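To start, the structure under review is shown below, and the notes come after it.
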Amino acid sequence: MDSMTTVTLTAGKRVLFLTRDFELIRKQLRGELDLTMDDVSPDDLLDDINTDVMTPAWVCFDYEPEELAKNAYAGLVEHGERVVPERALYDADFEVIVSGERKGVGSSRETAVQAEKWSGIRIAIAASFAPIHAANNINQGVLMGGYDLLRRLQDGEAVPLEDFTRGYDPIRKLIVAHGGLFNFSKALRRGEVEIPRPETRARSLTMAEKTIARHLVGGAGYVKPGDAVLARVDGGYSHEFTSAQVHYFLEQECGADYTAANPDRFAVFEDHLHYADGVKGMMPYVDKIRTLREMQKVYQRHTGVRDYSVRDGISPGICHEVARRHIIAPGDLILATDSHTTMGGGNNAYAHGVGATEFAHLVHAGFTPLTVPESIRFELTGELQPGCTAKDVMLWVLMTFARREETLNRCMEFGGPGLASLSMDERATLANMATECSARAAMVEADDATIEWLVARRPGVDRALLRERVVSPDPDAHYDGGVHSIDLSAIRPMVAHPGDPDRGIPSDPTNGARVDEIGDVKIDIAYGGSCTAGKVDDLEMYARVLKEAVDAGRAVAPGVRFFIQYGSVDVRDHCERAGLAEIFARAGATVLHPGCGACIGCGPGVSETRDQVTVSAINRNYTGRSGPGRLYLASPLTVAASAIAGRIVAYEEGMFSRAGG
Ligand code: SF4
């Protein structure tokens, strides 16, 4: 395919303005109204259109873009009615869609872009775009621009493509010029595209920079933040929510006999929807969920990637937990189709989530375009007090650095003398919740504990080779986000509270507060599980609290349900061997097989009414994610102690044997 140089509007195609006045949208969809930029002020346009509005979760159960496009904008609702009815965008002849500020905020789901593109949209116009949504548009070859460009197009001008891609890095300019990532890659293979290698001279590097520099296609070199590079990818994974699309795109773009570059280091997981069949709200989608599972099997058999499918009705575990135990090594560059892929940074890897298109491309090609991120470093000193955990550290970081956007799109680097006091499971929590900090990735320095933890879980692995791969920052590396000391001994038990959405304060992981500041909060549900809090050490923490309670003659408080869900079969086996499962049962907790479950609203432990209060060890408390109730995030120790107390309390050793505990 020749690359594009100018952009014009197509005769007979139309422009859809997403106005605050929904009646105007309806008239445009019915073909009763055509608008131009001269008719509309930017203030008339919808701001903050989030990806949930564009493709609500239920729409994503359709994996073929043609199908999900029929429900584009299903989440735009007025008085319970869809503003954009089924097929309304799909059947119309729009090629441009126009909105206000921050188009595509919210979750990173790529289906939002697909819904527009497969409805015929090739140009998205907005005052600004959310960064991940913008990246997804670029990978799908959808042009983005501002109102001035639309005016010129509507005036009949052939606008140079360069005007749409001003400010893009050289690789992204090429991707757009070729109509998307796959077309760009094909042109690259045919030798029609030359990628300029970064001209960055030898310099001191952060951990993220060093890892990317070691993975440059064409040989190791030096990089700096903002450099656009092609990087080799060591491995990655997808799950049943995303694998079907990965397979679909590979077949479409590379043919039915497509191949995977390095199947040994890639995997599929059946973890996200395993419990969905039993959830009332999921009943209408059971058939589609089954199709997603089947399509993942087809993809796995086709590629030979590692298979972590459900066996005998049990999921092997949550992808991030299993991957860090079995797949990810120090110094790796790992990309997967899920935002909490950052958890691999606990193993000293550079890891983050990508959309299905980018993932499909890198499965086949073995490399991907990357922009080198800025870094922010956290020097840990001291040791956590009893009753405090890595979760409390991250809830504090969210309340401070993340709330001020100092972690935004950066790699969060963790090191310092205090790191040695944190187990590998606790380090994984730091890296996991970098996602809630809106960071690009996180990397934790490696030490002997890292190597020994990996050796213990991977029989036959070469210890010396693992050591060779370890990435450490150069002593005088530059951190755009600064170097910040965190005294672990000063951290106190924390929550993130559910805000007050009715008064415009959204439920958010950055709503930090100390447990002793929130007053008397009675709970209905306690949940301990998820990738963040379903690891061995988390389960040990629940058991520690529950054992103390059981020994003092206590159990889960009347009226409270405490759900404990294993992060993986390995974790379950540990709990059964070590007698933890027995403690859970004696305390009256409900123990669940491994999987994502309530964390994604797909399993036992979700709230059922708005007035229910949950304290949960998961990583995010966005409204509606785990049911309609109010959800407080807290550490495994706080969750377990609260389950016994019936209200949110911090754990203190001996609290249940004391009167009134
Ligand atoms: S446990 Fe929750 S946050 Fe983790 S991968 Fe599953 S759905 Fe995502």
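To be explicit about the labels: the chains of the structure tokens are called A, B, and onward in the order shown, and within each one the residues are counted from 1, while ligands get numbers from 1 in the order they are shown.
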(message) List the spatial neighbours of region 598-607 of chain A as a VMD selection string - criterion: any atom at most 7 Å away, only C-alpha atoms, same-chain residues fewer than 4 positions off excluded.
(response) chain A and resid 273 275 to 276 279 527 530 563 612 618 625 to 629
(request) Around ligand 1, at most 7 Å away and counting only C-alpha atoms and all ligand atoms, which residues are there? Put them as number ranges by chain, please. (result) A: 272, 318-320, 338, 340, 530-532, 595-596, 599-600, 618-619
(request) Excluding Asp508 (chain A) and any residue of its chain fewer than 5 positions from it, enumerate the residues within 9 Å of it, using only C-alpha atoms, and give them as a ChimeraX atom specification. (result) /A:496-499,620-623
Suppose we keep N, CA and C atoms; can you now write the selection as a CSV table (one decimal), in the first residue's frame?
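Okay, this is what ended up in result.csv:
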```csv
chain,number,residue,atom,x,y,z
A,496,ALA,N,-8.3,3.7,50.3
A,496,ALA,CA,-8.8,4.7,49.3
A,496,ALA,C,-10.3,4.6,49.4
A,497,HIS,N,-10.9,5.8,49.6
A,497,HIS,CA,-12.3,5.8,49.9
A,497,HIS,C,-13.2,5.9,48.6
A,498,PRO,N,-14.5,5.6,48.7
A,498,PRO,CA,-15.3,5.6,47.5
A,498,PRO,C,-15.8,7.0,47.1
A,499,GLY,N,-15.3,8.1,47.7
A,499,GLY,CA,-15.7,9.4,47.3
A,499,GLY,C,-17.2,9.6,47.6
A,620,ARG,N,-8.4,-1.3,42.4
A,620,ARG,CA,-9.1,-0.1,41.9
A,620,ARG,C,-10.6,-0.1,42.4
A,621,ASN,N,-11.1,1.0,42.6
A,621,ASN,CA,-12.4,1.1,43.2
A,621,ASN,C,-13.3,2.0,42.3
A,622,TYR,N,-13.1,2.0,41.0
A,622,TYR,CA,-14.0,2.8,40.1
A,622,TYR,C,-15.4,2.4,40.3
A,623,THR,N,-16.3,3.3,40.2
A,623,THR,CA,-17.7,3.1,40.4
A,623,THR,C,-18.2,1.9,39.6
```
(request) Give me every strand (DSSP E) residue in region 337-442 of chain A, going by DSSP on the backbone, as a PyMOL selection string. (result) chain A and resi 350-353+367-371+375-381+411-415+441-442
(request) Can you work out which one of A:Ile123, A:Ile491, A:Leu465, A:Met295 has the shortest atom-to-atom distance to Lys391 (chain A), counting only C-alpha atoms? (result) A:Ile491
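Excluding Ser128 (chain A) itself and same-chain residues fewer than 3 positions from it, the residues having an atom within 12 Å of it are Pro42, Leu46, Asp47, Asp48, Ile49, Val98, Ser99, Gly100, Glu101, Arg102, Lys103, Gly104, Val105, Ala124, Ile125, Pro131, His133, Ala134, Met144, Gly145, Gly146 and Tyr147 of chain A, counting only C-alpha atoms.
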